[in-house]
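Coordinates from entry19.cif are shown below (mmCIF, C-alpha atoms (C1' of nucleotides)).
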data_work
#
loop_
_atom_site.label_atom_id
_atom_site.label_comp_id
_atom_site.auth_asym_id
_atom_site.auth_seq_id
_atom_site.Cartn_x
_atom_site.Cartn_y
_atom_site.Cartn_z
CA MET A 211 40.64 130.35 114.60
CA VAL A 212 43.29 128.24 112.98
CA ARG A 213 44.36 125.25 114.88
CA TRP A 214 47.73 125.02 113.11
CA GLU A 215 49.80 127.42 111.08
CA PRO A 216 49.55 126.54 107.39
CA ASN A 217 52.26 125.14 105.12
CA SER A 218 54.07 122.91 107.61
CA THR A 219 56.20 121.36 104.88
CA GLY A 220 57.43 124.72 103.68
CA ARG A 221 58.17 125.93 107.20
CA LEU A 222 60.16 122.80 107.89
CA GLN A 223 62.12 123.26 104.68
CA GLN A 224 62.92 126.86 105.46
CA ALA A 225 63.86 126.15 109.06
CA ALA A 226 66.11 123.34 107.91
CA MET A 227 67.94 125.45 105.33
CA GLU A 228 68.45 128.25 107.84
CA LEU A 229 69.89 125.92 110.45
CA PHE A 230 72.06 124.04 107.95
CA VAL A 231 73.58 127.32 106.81
CA GLU A 232 73.91 128.72 110.32
CA ARG A 233 75.59 125.79 111.99
CA GLY A 234 75.95 122.99 109.47
CA TYR A 235 74.01 119.85 108.63
CA ASP A 236 75.65 117.56 111.20
CA GLN A 237 75.27 120.06 114.01
CA THR A 238 71.55 120.35 113.38
CA THR A 239 69.15 117.83 114.88
CA VAL A 240 65.74 117.07 113.48
CA ALA A 241 64.23 118.15 116.78
CA GLU A 242 65.79 121.59 116.33
CA ILE A 243 64.43 121.95 112.81
CA ALA A 244 60.97 120.98 113.96
CA GLY A 245 61.23 123.30 116.94
CA ARG A 246 62.06 126.30 114.78
CA ALA A 247 59.10 125.45 112.57
CA GLY A 248 56.85 125.23 115.63
CA LEU A 249 56.39 121.47 115.29
CA THR A 250 57.67 118.29 116.84
CA GLU A 251 60.28 115.84 115.64
CA ARG A 252 57.61 113.22 115.01
CA THR A 253 55.76 115.55 112.69
CA PHE A 254 58.94 116.22 110.71
CA PHE A 255 59.04 112.55 109.84
CA ARG A 256 55.45 112.68 108.68
CA HIS A 257 56.43 115.26 106.08
CA PHE A 258 59.81 113.83 105.08
CA THR A 259 60.89 110.23 105.04
CA ASP A 260 64.25 111.15 106.56
CA LYS A 261 66.41 114.10 107.54
CA ARG A 262 68.08 114.37 104.13
CA GLU A 263 64.87 114.49 102.19
CA VAL A 264 64.05 117.98 103.45
CA LEU A 265 66.67 119.25 101.00
CA PHE A 266 65.38 117.32 98.02
CA LEU A 267 61.73 118.18 97.70
CA GLY A 268 61.10 119.52 94.23
CA ALA A 269 62.99 116.76 92.49
CA GLU A 270 59.59 115.46 91.51
CA SER A 271 58.71 118.56 89.51
CA LEU A 272 62.05 118.43 87.70
CA LEU A 273 61.25 114.88 86.75
CA ASP A 274 57.84 115.79 85.36
CA LEU A 275 59.32 118.64 83.39
CA VAL A 276 61.90 116.45 81.76
CA VAL A 277 59.50 113.67 80.89
CA LYS A 278 57.08 116.12 79.32
CA ALA A 279 59.83 117.72 77.25
CA ILE A 280 60.96 114.37 75.90
CA THR A 281 57.41 113.29 75.15
CA ALA A 282 56.67 116.58 73.42
CA ALA A 283 59.71 116.41 71.14
CA PRO A 284 58.95 115.94 67.43
CA GLY A 285 58.22 112.34 66.61
CA ASP A 286 61.06 112.10 64.15
CA ALA A 287 63.65 113.66 66.46
CA ALA A 288 66.64 111.47 67.25
CA PRO A 289 66.94 110.35 70.91
CA ILE A 290 69.80 112.73 71.57
CA ASP A 291 67.73 115.62 70.28
CA ALA A 292 64.86 114.74 72.58
CA ILE A 293 67.39 114.78 75.42
CA ALA A 294 68.64 118.16 74.25
CA ALA A 295 65.09 119.47 74.39
CA ALA A 296 64.77 118.22 77.97
CA LEU A 297 68.00 119.99 78.89
CA ASP A 298 66.64 123.20 77.42
CA ALA A 299 63.55 122.89 79.58
CA ILE A 300 65.74 122.38 82.64
CA GLY A 301 67.74 125.45 81.72
CA THR A 302 64.59 127.54 81.64
CA MET A 303 63.40 126.14 84.94
CA PHE A 304 66.57 127.15 86.76
CA ASP A 305 66.64 130.57 85.20
CA GLY A 306 67.18 133.14 87.94
CA ARG A 307 67.60 130.58 90.69
CA ARG A 308 71.36 130.53 90.80
CA ASP A 309 71.85 132.01 94.26
CA GLY A 310 69.46 129.59 95.89
CA SER A 311 70.94 126.69 93.98
CA ARG A 312 74.43 127.67 95.03
CA LEU A 313 73.49 127.89 98.70
CA ARG A 314 71.87 124.49 98.60
CA GLN A 315 74.73 122.96 96.63
CA ASN A 316 77.25 124.21 99.16
CA VAL A 317 75.45 122.32 101.89
CA ILE A 318 75.31 119.17 99.81
CA ALA A 319 78.93 119.39 98.74
CA ALA A 320 80.04 119.34 102.37
CA HIS A 321 78.24 116.11 103.26
CA PRO A 322 78.73 112.77 101.52
CA GLU A 323 75.41 111.44 102.76
CA LEU A 324 73.68 114.31 100.98
CA GLN A 325 75.67 113.67 97.83
CA GLU A 326 74.45 110.11 97.94
CA ARG A 327 70.88 111.29 98.05
CA GLU A 328 71.50 113.66 95.18
CA LEU A 329 73.00 110.87 93.12
CA ILE A 330 70.03 108.60 93.59
CA LYS A 331 67.72 111.44 92.58
CA MET A 332 69.81 111.79 89.44
CA ALA A 333 69.53 108.08 88.83
CA LYS A 334 65.78 108.31 89.12
CA LEU A 335 65.82 111.21 86.70
CA ALA A 336 67.82 109.12 84.25
CA GLY A 337 65.39 106.26 84.69
CA ALA A 338 62.43 108.49 83.93
CA MET A 339 64.18 109.91 80.89
CA ALA A 340 64.92 106.41 79.64
CA ASP A 341 61.26 105.45 80.15
CA ALA A 342 60.15 108.49 78.15
CA LEU A 343 62.53 107.55 75.36
CA ARG A 344 61.30 103.97 75.33
CA ALA A 345 57.78 105.30 75.03
CA ARG A 346 58.99 107.00 71.85
CA GLY A 347 60.14 103.66 70.53
CA VAL A 348 63.82 103.94 71.38
CA PRO A 349 65.10 100.45 72.22
CA ASP A 350 67.41 99.49 75.07
CA PRO A 351 70.21 99.98 75.78
CA SER A 352 70.17 103.08 73.60
CA ALA A 353 67.42 104.65 75.66
CA SER A 354 69.30 104.11 78.93
CA LEU A 355 72.56 105.33 77.46
CA ALA A 356 71.04 108.47 76.01
CA ALA A 357 69.36 109.20 79.34
CA GLU A 358 72.60 108.65 81.26
CA ALA A 359 74.40 110.90 78.85
CA GLY A 360 71.77 113.55 79.41
CA THR A 361 72.09 113.51 83.18
CA ALA A 362 75.88 113.54 82.90
CA VAL A 363 75.69 116.68 80.79
CA PHE A 364 73.26 118.22 83.26
CA ARG A 365 75.41 117.43 86.28
CA ILE A 366 78.62 118.72 84.82
CA ALA A 367 77.06 121.87 83.44
CA PHE A 368 75.23 122.48 86.71
CA GLU A 369 78.44 122.17 88.66
CA ARG A 370 80.08 124.77 86.46
CA TRP A 371 77.05 127.00 86.68
CA VAL A 372 76.94 127.22 90.46
CA GLN A 373 80.70 127.65 90.68
CA ALA A 374 81.02 130.27 87.97
CA ASP A 375 81.98 133.81 88.97
CA SER A 376 80.05 135.37 86.14
CA ASP A 377 76.36 134.65 85.93
CA ALA A 378 76.59 132.34 82.97
CA ASP A 379 73.49 130.75 81.52
CA LEU A 380 72.82 127.16 82.56
CA GLY A 381 71.14 126.38 79.26
CA ALA A 382 74.16 127.57 77.32
CA LEU A 383 76.51 125.60 79.56
CA MET A 384 74.49 122.46 78.95
CA GLN A 385 74.49 123.00 75.21
CA ALA A 386 78.25 123.42 75.27
CA ALA A 387 78.69 120.33 77.41
CA LEU A 388 76.51 118.29 75.09
CA ALA A 389 78.61 119.40 72.14
CA ASP A 390 81.74 118.38 74.05
CA LEU A 391 80.25 114.99 74.81
CA LYS A 392 79.41 114.46 71.17
CA ALA A 393 82.95 115.37 70.21
CA VAL A 394 84.57 113.13 72.78
CA THR A 395 82.47 110.08 71.97
CA ALA A 396 83.20 110.65 68.30
CA GLY A 397 86.84 110.07 69.17
CA SER A 398 87.99 113.62 68.68
CA PRO A 399 91.40 114.52 70.07
CA PRO A 400 91.35 116.64 73.23
CA ARG A 401 90.26 120.19 72.83
CA SER A 402 89.50 122.95 75.28
CA THR A 403 86.25 124.81 75.83
CA MET B 1360 98.97 80.89 120.94
CA VAL B 1361 97.07 83.42 118.93
CA ARG B 1362 95.22 86.03 120.85
CA TRP B 1363 92.74 86.71 118.06
CA GLU B 1364 91.65 84.82 115.00
CA PRO B 1365 93.21 86.37 111.89
CA ASN B 1366 91.48 88.29 109.12
CA SER B 1367 88.79 90.03 111.13
CA THR B 1368 87.76 92.15 108.15
CA GLY B 1369 87.21 89.15 105.93
CA ARG B 1370 85.28 87.30 108.62
CA LEU B 1371 83.01 90.29 109.10
CA GLN B 1372 82.42 90.53 105.36
CA GLN B 1373 81.55 86.88 105.07
CA ALA B 1374 79.30 86.90 108.12
CA ALA B 1375 77.52 89.96 106.76
CA MET B 1376 76.91 88.46 103.33
CA GLU B 1377 75.61 85.25 104.88
CA LEU B 1378 73.17 87.07 107.12
CA PHE B 1379 72.04 89.46 104.41
CA VAL B 1380 71.21 86.53 102.17
CA GLU B 1381 69.64 84.49 104.96
CA ARG B 1382 67.32 87.10 106.40
CA GLY B 1383 67.82 90.35 104.52
CA TYR B 1384 69.79 93.51 105.10
CA ASP B 1385 67.23 95.31 107.26
CA GLN B 1386 66.63 92.29 109.45
CA THR B 1387 70.31 91.99 110.23
CA THR B 1388 71.85 94.10 112.99
CA VAL B 1389 75.49 95.02 113.16
CA ALA B 1390 75.69 93.26 116.51
CA GLU B 1391 74.58 90.03 114.84
CA ILE B 1392 77.16 90.34 112.11
CA ALA B 1393 79.88 90.94 114.65
CA GLY B 1394 78.64 88.09 116.79
CA ARG B 1395 78.81 85.60 113.94
CA ALA B 1396 82.34 86.75 113.23
CA GLY B 1397 83.27 86.30 116.89
CA LEU B 1398 83.68 90.01 117.49
CA THR B 1399 81.75 92.88 119.03
CA GLU B 1400 79.72 95.61 117.41
CA ARG B 1401 82.30 98.19 118.39
CA THR B 1402 84.99 96.30 116.52
CA PHE B 1403 82.82 96.14 113.41
CA PHE B 1404 82.90 99.92 113.27
CA ARG B 1405 86.67 99.89 113.54
CA HIS B 1406 86.84 97.90 110.30
CA PHE B 1407 84.02 99.61 108.40
CA THR B 1408 82.90 103.20 108.68
CA ASP B 1409 79.26 102.11 108.61
CA LYS B 1410 77.00 99.11 108.11
CA ARG B 1411 76.74 99.57 104.34
CA GLU B 1412 80.44 99.71 103.77
CA VAL B 1413 80.88 96.01 104.53
CA LEU B 1414 79.42 95.35 101.07
CA PHE B 1415 81.67 97.79 99.25
CA LEU B 1416 85.18 96.86 100.14
CA GLY B 1417 87.12 96.24 96.97
CA ALA B 1418 85.93 99.36 95.23
CA GLU B 1419 89.40 100.68 95.88
CA SER B 1420 91.08 98.03 93.78
CA LEU B 1421 88.67 98.64 90.91
CA LEU B 1422 89.64 102.27 91.06
CA ASP B 1423 93.34 101.51 90.91
CA LEU B 1424 92.83 99.16 87.99
CA VAL B 1425 90.97 101.74 85.97
CA VAL B 1426 93.41 104.53 86.65
CA LYS B 1427 96.34 102.35 85.64
CA ALA B 1428 94.62 101.30 82.42
CA ILE B 1429 93.97 104.89 81.44
CA THR B 1430 97.47 105.96 82.31
CA ALA B 1431 98.94 103.05 80.36
CA ALA B 1432 96.98 103.78 77.18
CA PRO B 1433 99.07 104.96 74.19
CA GLY B 1434 99.92 108.62 74.42
CA ASP B 1435 98.19 109.44 71.18
CA ALA B 1436 94.99 107.55 72.02
CA ALA B 1437 91.85 109.66 72.06
CA PRO B 1438 90.15 110.05 75.46
CA ILE B 1439 87.34 107.71 74.52
CA ASP B 1440 89.87 105.04 73.54
CA ALA B 1441 91.62 105.35 76.90
CA ILE B 1442 88.22 104.84 78.49
CA ALA B 1443 87.62 101.81 76.30
CA ALA B 1444 90.92 100.36 77.51
CA ALA B 1445 89.81 100.86 81.11
CA LEU B 1446 86.55 99.08 80.39
CA ASP B 1447 88.48 96.15 78.93
CA ALA B 1448 90.51 95.93 82.10
CA ILE B 1449 87.32 95.89 84.15
CA GLY B 1450 85.92 93.14 81.96
CA THR B 1451 88.97 90.99 82.66
CA MET B 1452 88.75 91.66 86.39
CA PHE B 1453 85.17 90.44 86.64
CA ASP B 1454 85.84 87.39 84.52
CA GLY B 1455 84.42 84.37 86.28
CA ARG B 1456 82.90 86.35 89.12
CA ARG B 1457 79.38 86.52 87.81
CA ASP B 1458 77.68 84.39 90.46
CA GLY B 1459 79.17 86.33 93.32
CA SER B 1460 78.41 89.63 91.61
CA ARG B 1461 74.83 88.58 91.06
CA LEU B 1462 74.33 87.61 94.69
CA ARG B 1463 75.72 90.91 95.88
CA GLN B 1464 73.75 92.88 93.33
CA ASN B 1465 70.52 91.26 94.44
CA VAL B 1466 71.08 92.49 97.96
CA ILE B 1467 71.88 95.99 96.74
CA ALA B 1468 68.92 96.12 94.37
CA ALA B 1469 66.53 95.50 97.25
CA HIS B 1470 67.74 98.42 99.36
CA PRO B 1471 67.81 102.06 98.26
CA GLU B 1472 70.37 102.99 100.89
CA LEU B 1473 72.75 100.46 99.36
CA GLN B 1474 72.07 101.79 95.89
CA GLU B 1475 73.01 105.22 97.15
CA ARG B 1476 76.32 103.89 98.36
CA GLU B 1477 76.93 102.16 95.07
CA LEU B 1478 76.20 105.36 93.19
CA ILE B 1479 78.69 107.37 95.19
CA LYS B 1480 81.30 104.70 94.57
CA MET B 1481 80.58 105.07 90.86
CA ALA B 1482 80.91 108.82 91.16
CA LYS B 1483 84.29 108.38 92.80
CA LEU B 1484 85.28 106.04 90.01
CA ALA B 1485 84.24 108.65 87.45
CA GLY B 1486 86.21 111.26 89.35
CA ALA B 1487 89.33 109.12 89.32
CA MET B 1488 88.92 108.40 85.62
CA ALA B 1489 88.58 112.10 84.91
CA ASP B 1490 91.74 112.80 86.94
CA ALA B 1491 93.63 110.19 84.95
CA LEU B 1492 92.44 111.74 81.71
CA ARG B 1493 93.43 115.21 82.85
CA ALA B 1494 96.87 113.83 83.63
CA ARG B 1495 97.00 112.84 79.98
CA GLY B 1496 96.31 116.43 79.00
CA VAL B 1497 92.60 116.13 78.34
CA PRO B 1498 90.97 119.42 79.31
CA ASP B 1499 87.73 119.88 81.20
CA PRO B 1500 84.89 119.38 80.70
CA SER B 1501 85.84 116.75 78.11
CA ALA B 1502 87.69 114.72 80.72
CA SER B 1503 84.71 114.68 83.08
CA LEU B 1504 82.29 113.90 80.27
CA ALA B 1505 84.35 111.04 78.91
CA ALA B 1506 84.67 109.61 82.42
CA GLU B 1507 80.95 109.88 83.05
CA ALA B 1508 80.27 108.23 79.72
CA GLY B 1509 82.61 105.41 80.70
CA THR B 1510 80.89 104.73 84.01
CA ALA B 1511 77.48 104.90 82.32
CA VAL B 1512 78.57 102.23 79.87
CA PHE B 1513 79.95 100.15 82.71
CA ARG B 1514 76.79 100.41 84.79
CA ILE B 1515 74.43 99.56 81.99
CA ALA B 1516 76.51 96.67 80.72
CA PHE B 1517 77.01 95.37 84.26
CA GLU B 1518 73.29 95.41 84.87
CA ARG B 1519 72.69 93.37 81.76
CA TRP B 1520 75.51 91.01 82.66
CA VAL B 1521 74.18 90.04 86.08
CA GLN B 1522 70.64 89.73 84.78
CA ALA B 1523 71.47 87.71 81.68
CA ASP B 1524 70.34 84.11 81.52
CA SER B 1525 73.23 83.04 79.36
CA ASP B 1526 76.70 83.62 80.69
CA ALA B 1527 77.51 86.49 78.41
CA ASP B 1528 80.87 88.22 78.58
CA LEU B 1529 80.96 91.49 80.48
CA GLY B 1530 83.73 92.85 78.27
CA ALA B 1531 81.71 92.19 75.14
CA LEU B 1532 78.62 93.76 76.67
CA MET B 1533 80.61 96.88 77.50
CA GLN B 1534 82.02 97.10 74.00
CA ALA B 1535 78.54 96.83 72.55
CA ALA B 1536 77.19 99.45 74.95
CA LEU B 1537 80.02 101.81 74.07
CA ALA B 1538 79.23 101.39 70.40
CA ASP B 1539 75.58 102.15 71.14
CA LEU B 1540 76.53 105.25 73.06
CA LYS B 1541 78.66 106.47 70.17
CA ALA B 1542 75.77 105.90 67.80
CA VAL B 1543 73.23 107.66 69.97
CA THR B 1544 75.36 110.73 70.63
CA ALA B 1545 76.08 110.92 66.92
CA GLY B 1546 72.36 111.45 66.48
CA SER B 1547 71.61 108.13 64.88
CA PRO B 1548 67.96 107.11 64.70
CA PRO B 1549 66.91 104.41 67.14
CA ARG B 1550 68.20 100.95 66.49
CA SER B 1551 68.07 97.72 68.43
CA THR B 1552 70.94 95.67 69.82
"C1'" DC C 951 24.25 117.30 117.23
"C1'" DT C 952 27.09 113.69 116.42
"C1'" DA C 953 30.39 110.89 113.98
"C1'" DT C 954 34.27 110.86 111.32
"C1'" DC C 955 38.60 112.73 109.62
"C1'" DG C 956 43.12 114.51 109.48
"C1'" DA C 957 47.10 116.88 111.20
"C1'" DT C 958 49.50 116.98 115.17
"C1'" DG C 959 51.39 115.69 119.92
"C1'" DT C 960 53.26 112.27 123.31
"C1'" DC C 961 55.84 108.45 124.61
"C1'" DA C 962 58.43 104.36 124.44
"C1'" DG C 963 61.62 101.82 122.02
"C1'" DT C 964 65.22 100.06 118.47
"C1'" DG C 965 69.34 100.33 115.96
"C1'" DC C 966 73.32 102.88 114.07
"C1'" DC C 967 77.30 105.04 115.36
"C1'" DT C 968 80.84 107.45 118.54
"C1'" DG C 969 83.90 108.66 122.46
"C1'" DT C 970 86.48 106.93 126.16
"C1'" DC C 971 88.85 103.92 128.91
"C1'" DA C 972 90.49 99.19 130.05
"C1'" DT C 973 92.72 94.84 128.68
"C1'" DC C 974 96.42 92.04 127.32
"C1'" DA C 975 99.38 89.37 123.98
"C1'" DA C 976 103.30 90.59 121.10
"C1'" DC C 977 107.32 92.98 120.33
"C1'" DG C 978 111.40 95.70 120.96
"C1'" DT C 979 115.00 97.18 123.95
"C1'" DA C 980 118.06 97.66 127.74
"C1'" DT D 584 115.05 88.81 132.07
"C1'" DA D 585 112.41 92.80 132.98
"C1'" DC D 586 109.96 96.51 131.31
"C1'" DG D 587 107.76 99.94 128.37
"C1'" DT D 588 105.19 100.39 124.04
"C1'" DT D 589 102.03 99.08 120.55
"C1'" DG D 590 97.86 97.51 118.45
"C1'" DA D 591 93.65 95.02 118.16
"C1'" DT D 592 89.96 94.26 120.89
"C1'" DG D 593 86.24 94.60 124.70
"C1'" DA D 594 83.11 97.19 127.79
"C1'" DC D 595 80.21 100.89 128.63
"C1'" DA D 596 77.67 105.07 128.23
"C1'" DG D 597 75.35 108.05 125.33
"C1'" DG D 598 73.43 110.80 121.16
"C1'" DC D 599 70.54 110.93 117.41
"C1'" DA D 600 67.70 109.11 113.49
"C1'" DC D 601 63.67 106.88 112.87
"C1'" DT D 602 59.20 103.98 114.01
"C1'" DG D 603 54.90 102.23 116.12
"C1'" DA D 604 51.00 103.02 118.97
"C1'" DC D 605 47.81 105.80 120.99
"C1'" DA D 606 45.73 110.38 122.35
"C1'" DT D 607 44.04 115.04 121.12
"C1'" DC D 608 40.86 118.13 119.10
"C1'" DG D 609 39.38 121.59 115.45
"C1'" DA D 610 36.97 121.02 111.09
"C1'" DT D 611 33.72 118.99 108.23
"C1'" DA D 612 29.80 116.07 106.66
"C1'" DG D 613 25.41 114.17 107.41
#

If you took the structure in this file and wrote it as structure tokens, what would it be?
Amino acid sequence: MVRWEPNSTGRLQQAAMELFVERGYDQTTVAEIAGRAGLTERTFFRHFTDKREVLFLGAESLLDLVVKAITAAPGDAAPIDAIAAALDAIGTMFDGRRDGSRLRQNVIAAHPELQERELIKMAKLAGAMADALRARGVPDPSASLAAEAGTAVFRIAFERWVQADSDADLGALMQAALADLKAVTAGSPPRST
Amino acid sequence: MVRWEPNSTGRLQQAAMELFVERGYDQTTVAEIAGRAGLTERTFFRHFTDKREVLFLGAESLLDLVVKAITAAPGDAAPIDAIAAALDAIGTMFDGRRDGSRLRQNVIAAHPELQERELIKMAKLAGAMADALRARGVPDPSASLAAEAGTAVFRIAFERWVQADSDADLGALMQAALADLKAVTAGSPPRST
DNA sequence: CTATCGATGTCAGTGCCTGTCATCAACGTA
DNA sequence: TACGTTGATGACAGGCACTGACATCGATAG
């Protein structure tokens, strides 16, 4: 006989998403989330450091993916090309997950405190990318700047992706955004995409 | 006879900074801040939406400055040059404020929740810069990308500025960082600055 | 069989933040 | 002068996020 149902973390995540969608983030208490998952509030905080974090599990795997892609890039690749490779890997990872991403992003978009958490996750991502570039011998501040550029491209392409009516391809959107960034930093006059 | 001492907001800010430096952000309660300023906790929350915000007043003026600089740039200037003009304006604004900036940044660096707030202020800054560029006729996503690039340059140069031993010039650091960003997005091989 | 372990529950408490109502000097107006 | 209004503040009650300390009890190792 099992003393506890398995996968507490997953149950808490699912219960949280359901409640956030049903009645909104603010109108949902941690006790309610835990209750729906068959647990107590105290246990929620053993699985997640705070209420927001329940929406941001999985950021760790994205980080690993990106670091590996940068590390695996050809040794003679320019920093920006290593970043491009990381973006490609991200594109593949999100393939087919647009509906879920959109749902989650709608919740985040409605709550500044969740946007804050998302931004610091992005900053950590940029930090990890910069570390991976430095490990390739890219000096600062070029490594930091390339990493920041990469996350900027990701964020802007991602935003377009979840908002798009058609089911565009995230990878393609990121490639286009990267090309735009290259053009704009090169001092090109405005153009439309 | 005055019923209340003037400049409640400023007194709260000063009391907060003092206490944060004396005993740390976490070890300071809002009631203590208010008490030192001769006010009550409830009044604190009439001046600031939350405890963190007491450290981030003034972000509004930075935003205005940047928007005006972009708007005032020559009509035929490329987006990236309008951004460069905004960075110059920022450099002038922070001239001579390095010690204060460093003190404040030390507090923020020690507390993730404060970093989150700083990041969302940066995101708002980027949003305002993008709006100003769009008003100049720059289409999306170029406007967003140029704005994000600008804030990335600002953040990285600012970090170096407050950490530097010598009293380097923020404006010069931003110009150098912008040049590095241009080089790295152009696909240049790694170089050191 | 017993000791330890690990996930959970229980409970008390702190601090952030909000809603609501009261206070009272200043100010305008009749 | 009297009186109503305004605006910044105080007082108070309460909700909810989050934490520390201790108890519980199947599972597992020896």

Query raised in the report: Interatomic distance between CA of Gly285 (chain A) and CA of Leu355 (chain A)?
Result: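 Here the two named atoms are 19.3 Å from each other.
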
Query raised in the report: Could you tell me, as a list in words, which residues have any atom at most 12 Å from (88.9, 108.5, 128.0), counting only C-alpha atoms (C1' of nucleotides)?
Result: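 Those within range, by chain then number, are DG969, DT970, DC971 and DA972 of chain C; DC595 and DA596 of chain D.
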
Residue members of the PyMOL selection byres ((chain A and resi 316) around 12) in the file shown, as a short mmCIF file (atom, residue, chain, number, x, y, z; two decimals) with C-alpha atoms, keeping the file's coordinate frame:
data_model
loop_
_atom_site.label_atom_id
_atom_site.label_comp_id
_atom_site.auth_asym_id
_atom_site.auth_seq_id
_atom_site.Cartn_x
_atom_site.Cartn_y
_atom_site.Cartn_z
CA MET A 227 67.94 125.45 105.33
CA PHE A 230 72.06 124.04 107.95
CA VAL A 231 73.58 127.32 106.81
CA GLY A 234 75.95 122.99 109.47
CA TYR A 235 74.01 119.85 108.63
CA LEU A 265 66.67 119.25 101.00
CA ASP A 309 71.85 132.01 94.26
CA GLY A 310 69.46 129.59 95.89
CA SER A 311 70.94 126.69 93.98
CA ARG A 312 74.43 127.67 95.03
CA LEU A 313 73.49 127.89 98.70
CA ARG A 314 71.87 124.49 98.60
CA GLN A 315 74.73 122.96 96.63
CA VAL A 317 75.45 122.32 101.89
CA ILE A 318 75.31 119.17 99.81
CA ALA A 319 78.93 119.39 98.74
CA ALA A 320 80.04 119.34 102.37
CA HIS A 321 78.24 116.11 103.26
CA PRO A 322 78.73 112.77 101.52
CA LEU A 324 73.68 114.31 100.98
CA GLN A 325 75.67 113.67 97.83
CA GLU A 369 78.44 122.17 88.66
CA VAL A 372 76.94 127.22 90.46
CA GLN A 373 80.70 127.65 90.68
#

Report task. Please tell me which residues are no farther than 12 Å from (74.0, 100.6, 115.0) in the file, counting all atoms listed in the file, and write them as a list in words. Result ->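 Residues found, by chain and rising number: Asp1385, Thr1387, Thr1388, Val1389, Ala1390, Glu1391, Ile1392, Ala1393, Thr1399, Glu1400, Arg1401, Thr1402, Phe1403, Phe1404, Thr1408, Asp1409, Lys1410 and Arg1411 of chain B; DT964, DG965, DC966, DC967 and DT968 of chain C; DG598, DC599 and DA600 of chain D.
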
Could you list, with a cut-off of 8 Å and counting all atoms listed in the file, the residues of chain B near chain A, each shown with its nearest atom pair and the distance in Å rounded to one decimal, rows sorted by chain and ascending number, as JSON lines?
{"residue": "B:Ala1437", "atom": "CA", "partner": "A:Pro399", "partner_atom": "CA", "distance": 5.3}
{"residue": "B:Pro1438", "atom": "CA", "partner": "A:Val394", "partner_atom": "CA", "distance": 6.9}
{"residue": "B:Ile1439", "atom": "CA", "partner": "A:Gly397", "partner_atom": "CA", "distance": 5.9}
{"residue": "B:Asp1440", "atom": "CA", "partner": "A:Gly397", "partner_atom": "CA", "distance": 7.3}
{"residue": "B:Gln1474", "atom": "CA", "partner": "A:Ile330", "partner_atom": "CA", "distance": 7.5}
{"residue": "B:Glu1475", "atom": "CA", "partner": "A:Glu326", "partner_atom": "CA", "distance": 5.2}
{"residue": "B:Arg1476", "atom": "CA", "partner": "A:Glu326", "partner_atom": "CA", "distance": 6.5}
{"residue": "B:Leu1478", "atom": "CA", "partner": "A:Leu329", "partner_atom": "CA", "distance": 6.4}
{"residue": "B:Ile1479", "atom": "CA", "partner": "A:Glu326", "partner_atom": "CA", "distance": 5.7}
{"residue": "B:Gly1496", "atom": "CA", "partner": "A:Pro400", "partner_atom": "CA", "distance": 7.6}
{"residue": "B:Val1497", "atom": "CA", "partner": "A:Pro400", "partner_atom": "CA", "distance": 5.3}
{"residue": "B:Pro1498", "atom": "CA", "partner": "A:Ser402", "partner_atom": "CA", "distance": 5.6}
{"residue": "B:Asp1499", "atom": "CA", "partner": "A:Ser402", "partner_atom": "CA", "distance": 6.9}
{"residue": "B:Pro1500", "atom": "CA", "partner": "A:Ala387", "partner_atom": "CA", "distance": 7.1}
{"residue": "B:Ser1501", "atom": "CA", "partner": "A:Asp390", "partner_atom": "CA", "distance": 6.0}
{"residue": "B:Ser1503", "atom": "CA", "partner": "A:Ile366", "partner_atom": "CA", "distance": 7.5}
{"residue": "B:Leu1504", "atom": "CA", "partner": "A:Leu391", "partner_atom": "CA", "distance": 5.9}
{"residue": "B:Ala1505", "atom": "CA", "partner": "A:Val394", "partner_atom": "CA", "distance": 6.5}
{"residue": "B:Glu1507", "atom": "CA", "partner": "A:Ala362", "partner_atom": "CA", "distance": 6.3}
{"residue": "B:Ala1508", "atom": "CA", "partner": "A:Ala359", "partner_atom": "CA", "distance": 6.5}
{"residue": "B:Ala1511", "atom": "CA", "partner": "A:Glu358", "partner_atom": "CA", "distance": 6.2}
{"residue": "B:Val1512", "atom": "CA", "partner": "A:Leu355", "partner_atom": "CA", "distance": 7.2}
{"residue": "B:Ile1515", "atom": "CA", "partner": "A:Ser354", "partner_atom": "CA", "distance": 7.5}
{"residue": "B:Ala1536", "atom": "CA", "partner": "A:Pro351", "partner_atom": "CA", "distance": 7.0}
{"residue": "B:Asp1539", "atom": "CA", "partner": "A:Ser352", "partner_atom": "CA", "distance": 6.0}
{"residue": "B:Leu1540", "atom": "CA", "partner": "A:Leu355", "partner_atom": "CA", "distance": 5.9}
{"residue": "B:Lys1541", "atom": "CA", "partner": "A:Thr395", "partner_atom": "CA", "distance": 5.5}
{"residue": "B:Val1543", "atom": "CA", "partner": "A:Ile290", "partner_atom": "CA", "distance": 6.3}
{"residue": "B:Thr1544", "atom": "CA", "partner": "A:Lys392", "partner_atom": "CA", "distance": 5.5}
{"residue": "B:Ala1545", "atom": "CA", "partner": "A:Lys392", "partner_atom": "CA", "distance": 6.5}
{"residue": "B:Gly1546", "atom": "CA", "partner": "A:Ala288", "partner_atom": "CA", "distance": 5.8}
{"residue": "B:Ser1547", "atom": "CA", "partner": "A:Ala288", "partner_atom": "CA", "distance": 6.4}
{"residue": "B:Pro1548", "atom": "CA", "partner": "A:Ala288", "partner_atom": "CA", "distance": 5.2}
{"residue": "B:Pro1549", "atom": "CA", "partner": "A:Val348", "partner_atom": "CA", "distance": 5.3}
{"residue": "B:Arg1550", "atom": "CA", "partner": "A:Pro349", "partner_atom": "CA", "distance": 6.5}
{"residue": "B:Ser1551", "atom": "CA", "partner": "A:Pro349", "partner_atom": "CA", "distance": 5.5}
{"residue": "B:Thr1552", "atom": "CA", "partner": "A:Asp350", "partner_atom": "CA", "distance": 7.4}
